[in-house]
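Shown here: target29.cif, mmCIF, C-alpha atoms.
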```cif
data_target
loop_
_atom_site.group_PDB
_atom_site.id
_atom_site.type_symbol
_atom_site.label_atom_id
_atom_site.label_comp_id
_atom_site.auth_asym_id
_atom_site.auth_seq_id
_atom_site.Cartn_x
_atom_site.Cartn_y
_atom_site.Cartn_z
ATOM 1 C CA MET O 1 107.111 79.115 60.975
ATOM 2 C CA GLN O 2 107.560 82.816 60.420
ATOM 3 C CA ARG O 3 106.054 84.800 63.209
ATOM 4 C CA THR O 4 104.665 88.272 63.592
ATOM 5 C CA SER O 5 105.931 89.897 66.780
ATOM 6 C CA LEU O 6 103.108 90.557 69.227
ATOM 7 C CA THR O 7 105.146 92.626 71.667
ATOM 8 C CA LYS O 8 103.319 95.793 70.618
ATOM 9 C CA ASN O 9 99.915 94.142 70.324
ATOM 10 C CA PRO O 10 97.377 95.880 72.559
ATOM 11 C CA CYS O 11 96.051 92.613 74.011
ATOM 12 C CA PRO O 12 97.683 91.234 77.197
ATOM 13 C CA VAL O 13 96.989 87.652 76.059
ATOM 14 C CA ALA O 14 98.864 88.312 72.821
ATOM 15 C CA ARG O 15 101.862 89.818 74.609
ATOM 16 C CA ALA O 16 101.970 86.863 76.993
ATOM 17 C CA LEU O 17 101.881 84.392 74.110
ATOM 18 C CA ASP O 18 104.531 86.288 72.212
ATOM 19 C CA SER O 19 106.856 85.293 75.023
ATOM 20 C CA ILE O 20 105.663 81.820 75.987
ATOM 21 C CA GLY O 21 103.135 80.758 73.346
ATOM 22 C CA ASP O 22 105.177 77.813 72.281
ATOM 23 C CA TRP O 23 104.758 74.191 73.117
ATOM 24 C CA TRP O 24 108.350 73.665 74.264
ATOM 25 C CA SER O 25 108.561 76.848 76.282
ATOM 26 C CA LEU O 26 105.514 75.952 78.348
ATOM 27 C CA LEU O 27 106.827 72.420 78.916
ATOM 28 C CA ILE O 28 110.201 73.815 79.994
ATOM 29 C CA ILE O 29 108.389 76.099 82.446
ATOM 30 C CA ARG O 30 106.334 73.157 83.724
ATOM 31 C CA ASP O 31 109.551 71.196 84.332
ATOM 32 C CA ALA O 32 111.095 74.193 86.096
ATOM 33 C CA PHE O 33 108.108 74.266 88.475
ATOM 34 C CA ASP O 34 108.738 70.566 89.102
ATOM 35 C CA GLY O 35 112.326 71.315 90.115
ATOM 36 C CA VAL O 36 114.254 70.597 86.903
ATOM 37 C CA ARG O 37 117.234 72.954 86.694
ATOM 38 C CA ARG O 38 119.892 71.578 84.334
ATOM 39 C CA PHE O 39 120.135 71.432 80.552
ATOM 40 C CA GLY O 40 120.623 67.667 80.491
ATOM 41 C CA ASP O 41 117.670 67.097 82.805
ATOM 42 C CA PHE O 42 115.373 69.261 80.655
ATOM 43 C CA GLN O 43 116.585 67.336 77.625
ATOM 44 C CA ARG O 44 115.912 63.947 79.200
ATOM 45 C CA SER O 45 112.523 65.028 80.503
ATOM 46 C CA LEU O 46 111.347 66.547 77.226
ATOM 47 C CA GLY O 47 113.110 64.379 74.637
ATOM 48 C CA VAL O 48 113.829 67.548 72.685
ATOM 49 C CA ALA O 49 116.684 68.233 70.260
ATOM 50 C CA LYS O 50 119.605 70.129 71.812
ATOM 51 C CA ASN O 51 119.405 73.019 69.364
ATOM 52 C CA ILE O 52 115.697 73.581 70.039
ATOM 53 C CA LEU O 53 116.183 73.360 73.808
ATOM 54 C CA THR O 54 119.130 75.775 73.617
ATOM 55 C CA ALA O 55 117.067 78.300 71.650
ATOM 56 C CA ARG O 56 114.055 78.045 73.951
ATOM 57 C CA LEU O 57 116.118 78.342 77.146
ATOM 58 C CA ARG O 58 117.969 81.344 75.709
ATOM 59 C CA ARG O 59 114.672 83.042 74.901
ATOM 60 C CA LEU O 60 113.232 82.306 78.356
ATOM 61 C CA VAL O 61 116.357 83.810 79.960
ATOM 62 C CA ALA O 62 116.237 86.840 77.613
ATOM 63 C CA ASP O 63 112.588 87.368 78.540
ATOM 64 C CA GLY O 64 113.380 87.236 82.264
ATOM 65 C CA ILE O 65 111.342 84.082 82.913
ATOM 66 C CA LEU O 66 114.333 81.895 83.769
ATOM 67 C CA ALA O 67 117.650 83.050 85.220
ATOM 68 C CA LEU O 68 121.032 81.325 85.029
ATOM 69 C CA GLU O 69 122.628 80.508 88.359
ATOM 70 C CA ALA O 70 125.758 78.699 89.447
ATOM 71 C CA SER O 71 125.110 75.076 90.338
ATOM 72 C CA SER O 72 123.588 74.538 93.775
ATOM 73 C CA ASP O 73 125.996 71.665 94.562
ATOM 74 C CA GLY O 74 129.315 73.294 93.668
ATOM 75 C CA THR O 75 129.737 71.376 90.372
ATOM 76 C CA PRO O 76 130.590 73.513 87.332
ATOM 77 C CA TYR O 77 127.087 73.244 85.843
ATOM 78 C CA GLN O 78 124.847 76.210 85.341
ATOM 79 C CA GLU O 79 121.265 75.933 86.446
ATOM 80 C CA TYR O 80 118.076 77.495 85.161
ATOM 81 C CA VAL O 81 115.728 78.789 87.830
ATOM 82 C CA LEU O 82 112.386 80.558 87.589
ATOM 83 C CA THR O 83 112.478 84.292 88.270
ATOM 84 C CA ALA O 84 109.583 86.076 90.016
ATOM 85 C CA LYS O 85 108.109 86.718 86.570
ATOM 86 C CA GLY O 86 108.449 83.013 85.796
ATOM 87 C CA GLU O 87 106.863 82.001 89.103
ATOM 88 C CA ASP O 88 103.908 84.229 88.223
ATOM 89 C CA LEU O 89 103.096 81.693 85.490
ATOM 90 C CA PHE O 90 102.012 79.215 88.157
ATOM 91 C CA PRO O 91 98.247 79.844 87.654
ATOM 92 C CA VAL O 92 98.697 79.426 83.863
ATOM 93 C CA ILE O 93 100.399 76.036 84.257
ATOM 94 C CA VAL O 94 97.887 74.872 86.886
ATOM 95 C CA ALA O 95 94.949 75.973 84.689
ATOM 96 C CA LEU O 96 96.458 74.044 81.748
ATOM 97 C CA ARG O 97 96.948 71.003 83.999
ATOM 98 C CA GLN O 98 93.350 71.056 85.201
ATOM 99 C CA TRP O 99 92.009 71.401 81.658
ATOM 100 C CA GLY O 100 94.213 68.468 80.623
ATOM 101 C CA GLU O 101 92.967 66.421 83.585
ATOM 102 C CA ALA O 102 89.345 67.129 82.680
ATOM 103 C CA HIS O 103 89.489 66.436 78.947
ATOM 104 C CA PHE O 104 92.359 64.149 77.975
ATOM 105 C CA TYR O 105 91.934 61.078 80.148
ATOM 106 C CA ARG O 106 89.575 58.181 79.801
ATOM 107 C CA LYS O 107 87.294 57.453 82.718
ATOM 108 C CA ASN O 108 89.379 55.633 85.370
ATOM 109 C CA GLU O 109 92.637 56.498 83.602
ATOM 110 C CA ARG O 110 94.994 57.707 86.293
ATOM 111 C CA HIS O 111 97.064 60.864 86.131
ATOM 112 C CA SER O 112 99.293 62.906 88.393
ATOM 113 C CA VAL O 113 97.630 65.516 90.591
ATOM 114 C CA LEU O 114 98.820 68.764 92.139
ATOM 115 C CA VAL O 115 98.577 68.729 95.913
ATOM 116 C CA ASP O 116 99.272 71.045 98.822
ATOM 117 C CA ARG O 117 102.516 69.803 100.448
ATOM 118 C CA HIS O 118 101.109 70.501 103.900
ATOM 119 C CA ASP O 119 98.013 68.307 103.797
ATOM 120 C CA ASN O 120 98.537 66.230 100.626
ATOM 121 C CA LYS O 121 95.107 67.339 99.349
ATOM 122 C CA ARG O 122 94.487 68.458 95.789
ATOM 123 C CA VAL O 123 94.474 72.169 95.060
ATOM 124 C CA GLN O 124 91.130 73.790 94.234
ATOM 125 C CA LYS O 125 89.837 74.070 90.696
ATOM 126 C CA ILE O 126 91.059 77.349 89.230
ATOM 127 C CA GLN O 127 88.168 79.737 88.668
ATOM 128 C CA VAL O 128 87.442 83.159 87.274
ATOM 129 C CA LEU O 129 85.743 85.146 90.030
ATOM 130 C CA SER O 130 84.047 88.534 90.133
ATOM 131 C CA SER O 131 85.317 91.261 92.483
ATOM 132 C CA ASN O 132 82.816 90.024 95.091
ATOM 133 C CA GLY O 133 83.786 86.371 94.701
ATOM 134 C CA LYS O 134 81.084 85.054 92.357
ATOM 135 C CA LEU O 135 82.038 82.399 89.780
ATOM 136 C CA LEU O 136 81.953 83.940 86.293
ATOM 137 C CA SER O 137 81.254 82.158 83.021
ATOM 138 C CA PRO O 138 82.863 83.563 79.853
ATOM 139 C CA SER O 139 79.571 85.134 78.714
ATOM 140 C CA GLU O 140 79.290 87.042 81.989
ATOM 141 C CA THR O 141 82.528 88.857 81.247
ATOM 142 C CA LEU O 142 83.625 91.478 78.775
ATOM 143 C CA VAL O 143 87.004 92.709 77.541
ATOM 144 C CA LYS O 144 87.013 96.451 78.098
ATOM 145 C CA LYS O 145 89.452 98.349 75.920
ATOM 146 C CA PRO O 146 91.256 101.412 77.243
ATOM 147 C CA SER O 147 89.496 104.533 75.962
ATOM 148 C CA ALA O 148 92.545 105.313 73.798
ATOM 149 C CA LEU O 149 91.658 102.292 71.704
ATOM 150 C CA GLU O 150 87.926 102.901 71.493
ATOM 151 C CA MET S 1 108.966 72.031 63.396
ATOM 152 C CA GLN S 2 108.613 68.295 63.831
ATOM 153 C CA ARG S 3 106.627 67.463 66.875
ATOM 154 C CA THR S 4 106.429 64.481 69.171
ATOM 155 C CA SER S 5 102.836 63.611 69.980
ATOM 156 C CA LEU S 6 102.105 64.104 73.664
ATOM 157 C CA THR S 7 98.673 62.493 73.641
ATOM 158 C CA LYS S 8 99.983 59.473 75.586
ATOM 159 C CA ASN S 9 102.215 61.519 77.864
ATOM 160 C CA PRO S 10 101.350 60.891 81.523
ATOM 161 C CA CYS S 11 101.331 64.594 82.408
ATOM 162 C CA PRO S 12 98.019 66.533 82.106
ATOM 163 C CA VAL S 13 99.920 69.715 81.186
ATOM 164 C CA ALA S 14 101.591 67.896 78.293
ATOM 165 C CA ARG S 15 98.309 66.494 76.998
ATOM 166 C CA ALA S 16 96.709 69.937 77.184
ATOM 167 C CA LEU S 17 99.602 71.494 75.265
ATOM 168 C CA ASP S 18 99.548 68.747 72.661
ATOM 169 C CA SER S 19 96.151 70.097 71.710
ATOM 170 C CA ILE S 20 96.482 73.853 72.199
ATOM 171 C CA GLY S 21 100.186 74.512 72.819
ATOM 172 C CA ASP S 22 100.534 76.697 69.811
ATOM 173 C CA TRP S 23 100.629 80.435 69.543
ATOM 174 C CA TRP S 24 97.916 80.650 66.876
ATOM 175 C CA SER S 25 95.582 78.164 68.500
ATOM 176 C CA LEU S 26 95.524 80.074 71.765
ATOM 177 C CA LEU S 27 94.955 83.364 69.939
ATOM 178 C CA ILE S 28 92.081 81.799 67.964
ATOM 179 C CA ILE S 29 90.567 80.605 71.259
ATOM 180 C CA ARG S 30 91.015 84.072 72.756
ATOM 181 C CA ASP S 31 89.171 85.573 69.764
ATOM 182 C CA ALA S 32 86.404 82.978 70.104
ATOM 183 C CA PHE S 33 85.912 84.059 73.734
ATOM 184 C CA ASP S 34 85.647 87.634 72.451
ATOM 185 C CA GLY S 35 82.845 86.610 70.086
ATOM 186 C CA VAL S 36 84.697 86.100 66.787
ATOM 187 C CA ARG S 37 82.974 83.309 64.826
ATOM 188 C CA ARG S 38 83.848 83.534 61.118
ATOM 189 C CA PHE S 39 86.943 82.582 59.156
ATOM 190 C CA GLY S 40 87.332 86.056 57.659
ATOM 191 C CA ASP S 41 86.977 87.708 61.061
ATOM 192 C CA PHE S 42 89.614 85.448 62.615
ATOM 193 C CA GLN S 43 91.877 86.221 59.669
ATOM 194 C CA ARG S 44 91.430 89.981 60.020
ATOM 195 C CA SER S 45 91.871 89.860 63.782
ATOM 196 C CA LEU S 46 94.991 87.701 63.698
ATOM 197 C CA GLY S 47 96.632 88.742 60.430
ATOM 198 C CA VAL S 48 97.432 85.078 59.826
ATOM 199 C CA ALA S 49 97.907 83.308 56.487
ATOM 200 C CA LYS S 50 94.804 81.474 55.259
ATOM 201 C CA ASN S 51 96.519 78.079 55.118
ATOM 202 C CA ILE S 52 97.746 78.355 58.709
ATOM 203 C CA LEU S 53 94.349 79.524 59.955
ATOM 204 C CA THR S 54 92.625 76.697 58.068
ATOM 205 C CA ALA S 55 94.929 74.100 59.615
ATOM 206 C CA ARG S 56 94.562 75.482 63.139
ATOM 207 C CA LEU S 57 90.768 75.742 62.938
ATOM 208 C CA ARG S 58 90.563 72.194 61.563
ATOM 209 C CA ARG S 59 92.651 70.902 64.447
ATOM 210 C CA LEU S 60 90.582 72.789 67.027
ATOM 211 C CA VAL S 61 87.381 71.310 65.554
ATOM 212 C CA ALA S 62 88.936 67.809 65.412
ATOM 213 C CA ASP S 63 89.937 68.161 69.061
ATOM 214 C CA GLY S 64 86.407 69.185 70.063
ATOM 215 C CA ILE S 65 87.401 72.687 71.207
ATOM 216 C CA LEU S 66 85.506 74.513 68.459
ATOM 217 C CA ALA S 67 82.401 73.278 66.624
ATOM 218 C CA LEU S 68 81.117 74.318 63.205
ATOM 219 C CA GLU S 69 77.613 75.745 63.137
ATOM 220 C CA ALA S 70 75.385 77.251 60.470
ATOM 221 C CA SER S 71 75.542 81.028 60.438
ATOM 222 C CA SER S 72 73.477 82.738 63.127
ATOM 223 C CA ASP S 73 72.058 85.294 60.665
ATOM 224 C CA GLY S 74 70.887 82.962 57.901
ATOM 225 C CA THR S 75 73.756 83.779 55.501
ATOM 226 C CA PRO S 76 75.552 80.762 54.000
ATOM 227 C CA TYR S 77 78.635 81.185 56.196
ATOM 228 C CA GLN S 78 79.724 78.611 58.713
ATOM 229 C CA GLU S 79 80.657 79.769 62.143
ATOM 230 C CA TYR S 80 83.116 78.460 64.702
ATOM 231 C CA VAL S 81 81.851 78.345 68.263
ATOM 232 C CA LEU S 82 83.478 77.151 71.468
ATOM 233 C CA THR S 83 82.266 73.781 72.747
ATOM 234 C CA ALA S 84 81.954 73.050 76.476
ATOM 235 C CA LYS S 85 85.542 71.726 76.334
ATOM 236 C CA GLY S 86 86.589 74.977 74.654
ATOM 237 C CA GLU S 87 84.766 77.111 77.235
ATOM 238 C CA ASP S 88 86.662 75.230 79.935
ATOM 239 C CA LEU S 89 89.798 77.000 78.676
ATOM 240 C CA PHE S 90 88.501 80.264 80.126
ATOM 241 C CA PRO S 91 90.744 80.138 83.231
ATOM 242 C CA VAL S 92 93.792 79.414 81.008
ATOM 243 C CA ILE S 93 93.132 82.453 78.812
ATOM 244 C CA VAL S 94 92.382 84.687 81.818
ATOM 245 C CA ALA S 95 95.551 83.510 83.596
ATOM 246 C CA LEU S 96 97.593 84.282 80.446
ATOM 247 C CA ARG S 97 95.915 87.701 80.212
ATOM 248 C CA GLN S 98 96.728 88.570 83.810
ATOM 249 C CA TRP S 99 100.350 87.468 83.430
ATOM 250 C CA GLY S 100 100.557 89.607 80.274
ATOM 251 C CA GLU S 101 99.028 92.579 82.108
ATOM 252 C CA ALA S 102 101.517 92.236 84.954
ATOM 253 C CA HIS S 103 104.712 91.829 82.940
ATOM 254 C CA PHE S 104 104.446 93.268 79.437
ATOM 255 C CA TYR S 105 103.322 96.850 79.929
ATOM 256 C CA ARG S 106 105.260 99.886 80.953
ATOM 257 C CA LYS S 107 104.082 101.743 84.020
ATOM 258 C CA ASN S 108 101.071 103.870 82.994
ATOM 259 C CA GLU S 109 100.770 102.053 79.666
ATOM 260 C CA ARG S 110 97.103 101.273 79.252
ATOM 261 C CA HIS S 111 95.673 97.903 78.283
ATOM 262 C CA SER S 112 92.304 96.227 77.979
ATOM 263 C CA VAL S 113 90.888 94.619 81.123
ATOM 264 C CA LEU S 114 88.452 91.782 81.732
ATOM 265 C CA VAL S 115 85.381 92.920 83.652
ATOM 266 C CA ASP S 116 82.193 91.399 85.029
ATOM 267 C CA ARG S 117 79.380 92.512 82.684
ATOM 268 C CA HIS S 118 77.060 93.035 85.650
ATOM 269 C CA ASP S 119 79.066 95.592 87.598
ATOM 270 C CA ASN S 120 81.820 96.598 85.142
ATOM 271 C CA LYS S 121 84.458 95.730 87.762
ATOM 272 C CA ARG S 122 87.633 93.791 86.975
ATOM 273 C CA VAL S 123 87.649 90.070 87.683
ATOM 274 C CA GLN S 124 89.789 88.853 90.576
ATOM 275 C CA LYS S 125 93.396 87.803 90.138
ATOM 276 C CA ILE S 126 93.475 84.087 89.348
ATOM 277 C CA GLN S 127 95.040 82.150 92.188
ATOM 278 C CA VAL S 128 96.041 78.639 93.116
ATOM 279 C CA LEU S 129 94.255 77.801 96.371
ATOM 280 C CA SER S 130 94.489 74.882 98.784
ATOM 281 C CA SER S 131 91.407 72.761 99.541
ATOM 282 C CA ASN S 132 90.679 75.047 102.499
ATOM 283 C CA GLY S 133 91.109 78.244 100.497
ATOM 284 C CA LYS S 134 94.677 79.255 101.345
ATOM 285 C CA LEU S 135 96.793 80.928 98.630
ATOM 286 C CA LEU S 136 99.536 78.517 97.544
ATOM 287 C CA SER S 137 102.947 79.396 96.130
ATOM 288 C CA PRO S 138 104.584 76.932 93.716
ATOM 289 C CA SER S 139 106.964 75.658 96.409
ATOM 290 C CA GLU S 140 104.037 74.805 98.672
ATOM 291 C CA THR S 141 102.716 72.354 96.103
ATOM 292 C CA LEU S 142 103.830 69.005 94.775
ATOM 293 C CA VAL S 143 102.943 66.964 91.699
ATOM 294 C CA LYS S 144 101.872 63.572 92.981
ATOM 295 C CA LYS S 145 102.174 60.802 90.444
ATOM 296 C CA PRO S 146 99.675 57.962 90.342
ATOM 297 C CA SER S 147 101.232 54.985 92.118
ATOM 298 C CA ALA S 148 101.470 53.142 88.774
ATOM 299 C CA LEU S 149 104.132 55.639 87.750
ATOM 300 C CA GLU S 150 106.066 55.670 91.006
#
```
Would you give me this structure, written as structure tokens?
Amino acid sequence: MQRTSLTKNPCPVARALDSIGDWWSLLIIRDAFDGVRRFGDFQRSLGVAKNILTARLRRLVADGILALEASSDGTPYQEYVLTAKGEDLFPVIVALRQWGEAHFYRKNERHSVLVDRHDNKRVQKIQVLSSNGKLLSPSETLVKKPSALE
Amino acid sequence: MQRTSLTKNPCPVARALDSIGDWWSLLIIRDAFDGVRRFGDFQRSLGVAKNILTARLRRLVADGILALEASSDGTPYQEYVLTAKGEDLFPVIVALRQWGEAHFYRKNERHSVLVDRHDNKRVQKIQVLSSNGKLLSPSETLVKKPSALE
């Protein structure tokens, strides 16, 4: 599909999606959070064609979300690791996970859960909070444009 | 692009992305949170071809994320409104926004911000917290598979 570039779009959501608003890219990032680092392992995990995976990994590296590193075990493989910018996507992936958990499983259907390594308990539900810590519904919020755009 | 269905995939992130893991779908949902309700308004906002918009809206309705309602002003238009399942995507959109704000603007470049309508202050940064409220980094968490998958 032909795509309009959103890199100059005024909206932060649009700029974010310009970089990662693609099914495969977000699944690659999910796998990277789960510790996948090598081309062949991404391919096995995702069942994706090599040319698509190559293109998506190249874009994620170009956008500074993944970085290429020498193999951690001395073998001649290169490994893909999340940069700081990539790690900052953690709340996005966890929010997607929790929405998936809530809406795409039958009652009693089991699914994986994200837990704190220290106590093995599930992480809290991700919430949008006001500056003083109150839970906000969408209708209680407002997108405020910079005055230059008003 | 040909796509494998992820509706039976064990991972909640994959099931979520099967439904909304598409650039246009997430931008349509963002617009819906901002109050856009009509086909023509989505089209103007997104600059997307009619056939693509039609297909994406149909999928979002089929997936129970948007619902069709009679026009709120008595005109013969139909309007697209977020369902409860759609509103549950709020943390996903806000997390994407905050990642976009952090990584896709030059220093001093202005962007829109999400504020609490009541006090006009920005919402808090979305975080992944442990059950007892501690901020968790990705490496402090673990995806725990249901025993059936182990």
### Task
May I have the residues within 6 Å of segment 95-98 of chain S as a list of chain:residue names, using all atoms listed in the file and disregarding those fewer than 4 positions away in the same chain?
O:Pro12, O:Val13, O:Val92, S:Pro91
#### Entry: Asp119 of chain S surroundings by all atoms listed in the file, 10 Å radius, close-in-sequence under 4 positions cut, as a ChimeraX atom specification
/O:130-131,141 /S:115
For the selection just defined, write its residues with C-alpha atoms to a file, as a PDB file, in the frame of the given file.
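As written to disk, result27.pdb reads:
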```
ATOM      1  CA  SER O 130      84.047  88.534  90.133  1.00  0.00           C
ATOM      2  CA  SER O 131      85.317  91.261  92.483  1.00  0.00           C
ATOM      3  CA  THR O 141      82.528  88.857  81.247  1.00  0.00           C
TER       4      THR O 141
ATOM      5  CA  VAL S 115      85.381  92.920  83.652  1.00  0.00           C
TER       6      VAL S 115
END
```
Where does chain S meet chain O within 7 Å, residue by residue, with the nearest atom pair and distance in Å to one decimal for each, counting all atoms listed in the file, listed by chain and rising number, as a Markdown table?
```
| residue | atom | partner | partner_atom | distance |
| --- | --- | --- | --- | --- |
| S:Pro10 | CA | O:His111 | CA | 6.3 |
| S:Cys11 | CA | O:Ser112 | CA | 6.5 |
| S:Pro12 | CA | O:Gly100 | CA | 4.5 |
| S:Val13 | CA | O:Arg97 | CA | 4.3 |
| S:Ala14 | CA | O:Leu27 | CA | 6.9 |
| S:Arg15 | CA | O:Gly100 | CA | 5.8 |
| S:Ala16 | CA | O:Gly100 | CA | 4.5 |
| S:Leu17 | CA | O:Trp23 | CA | 6.2 |
| S:Gly21 | CA | O:Trp23 | CA | 4.6 |
| S:Asp22 | CA | O:Asp22 | CA | 5.4 |
| S:Trp23 | CA | O:Gly21 | CA | 4.6 |
| S:Leu27 | CA | O:Ala14 | CA | 6.9 |
| S:Phe33 | CA | O:Pro138 | CA | 6.9 |
| S:Asp88 | CA | O:Trp99 | CA | 6.8 |
| S:Leu89 | CA | O:Trp99 | CA | 6.7 |
| S:Phe90 | CA | O:Pro138 | CA | 6.5 |
| S:Pro91 | CA | O:Gln127 | CA | 6.0 |
| S:Val92 | CA | O:Ala95 | CA | 5.2 |
| S:Ala95 | CA | O:Val92 | CA | 5.2 |
| S:Leu96 | CA | O:Val13 | CA | 5.6 |
| S:Arg97 | CA | O:Val13 | CA | 4.3 |
| S:Trp99 | CA | O:Ala16 | CA | 6.7 |
| S:Gly100 | CA | O:Ala16 | CA | 4.5 |
| S:Glu101 | CA | O:Pro12 | CA | 5.3 |
| S:Phe104 | CA | O:Arg15 | CA | 6.5 |
| S:Arg110 | CA | O:Pro146 | CA | 6.2 |
| S:His111 | CA | O:Pro146 | CA | 5.7 |
| S:Ser112 | CA | O:Lys145 | CA | 4.1 |
| S:Val113 | CA | O:Lys144 | CA | 5.2 |
| S:Leu114 | CA | O:Val143 | CA | 4.5 |
| S:Val115 | CA | O:Leu142 | CA | 5.4 |
| S:Asp116 | CA | O:Thr141 | CA | 4.6 |
| S:Arg117 | CA | O:Thr141 | CA | 5.0 |
| S:Lys121 | CA | O:Ser131 | CA | 6.6 |
| S:Arg122 | CA | O:Ser131 | CA | 6.5 |
| S:Val123 | CA | O:Ser130 | CA | 4.6 |
| S:Gln124 | CA | O:Ser131 | CA | 5.4 |
| S:Ile126 | CA | O:Val128 | CA | 6.4 |
| S:Gln127 | CA | O:Pro91 | CA | 6.0 |
| S:Val128 | CA | O:Pro91 | CA | 6.0 |
| S:Leu129 | CA | O:Gln124 | CA | 5.5 |
| S:Ser130 | CA | O:Val123 | CA | 4.6 |
| S:Ser131 | CA | O:Gln124 | CA | 5.4 |
| S:Pro138 | CA | O:Phe90 | CA | 6.5 |
| S:Glu140 | CA | O:Arg117 | CA | 5.5 |
| S:Thr141 | CA | O:Asp116 | CA | 4.6 |
| S:Leu142 | CA | O:Val115 | CA | 5.4 |
| S:Val143 | CA | O:Leu114 | CA | 4.5 |
| S:Lys144 | CA | O:Val113 | CA | 5.2 |
| S:Lys145 | CA | O:Ser112 | CA | 4.1 |
| S:Pro146 | CA | O:Ser112 | CA | 5.3 |
```
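Of note, atom CA of Leu6 of chain O and atom CA of Asn51 of chain O are spaced 23.9 Å apart.
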### Test item: residues at most 7 Å from Arg37 of chain O, only C-alpha atoms, excluding those fewer than 6 positions along its chain, as number ranges by chain
O: 79-81
### Query
Between atom CA of Ile29 of chain S and atom CA of Arg56 of chain S, what is the distance, to one decimal in Å?
10.4 Å
### Task
Take atom CA of Asn108 of chain O and atom CA of Ala67 of chain S and report the distance between them in Å, one decimal.
26.7 Å
### Message
When you count only C-alpha atoms, which of these residues is closest to Phe39 of chain S: S:Leu82, S:Tyr77, S:Ser72, S:Arg106?
### Response
S:Tyr77
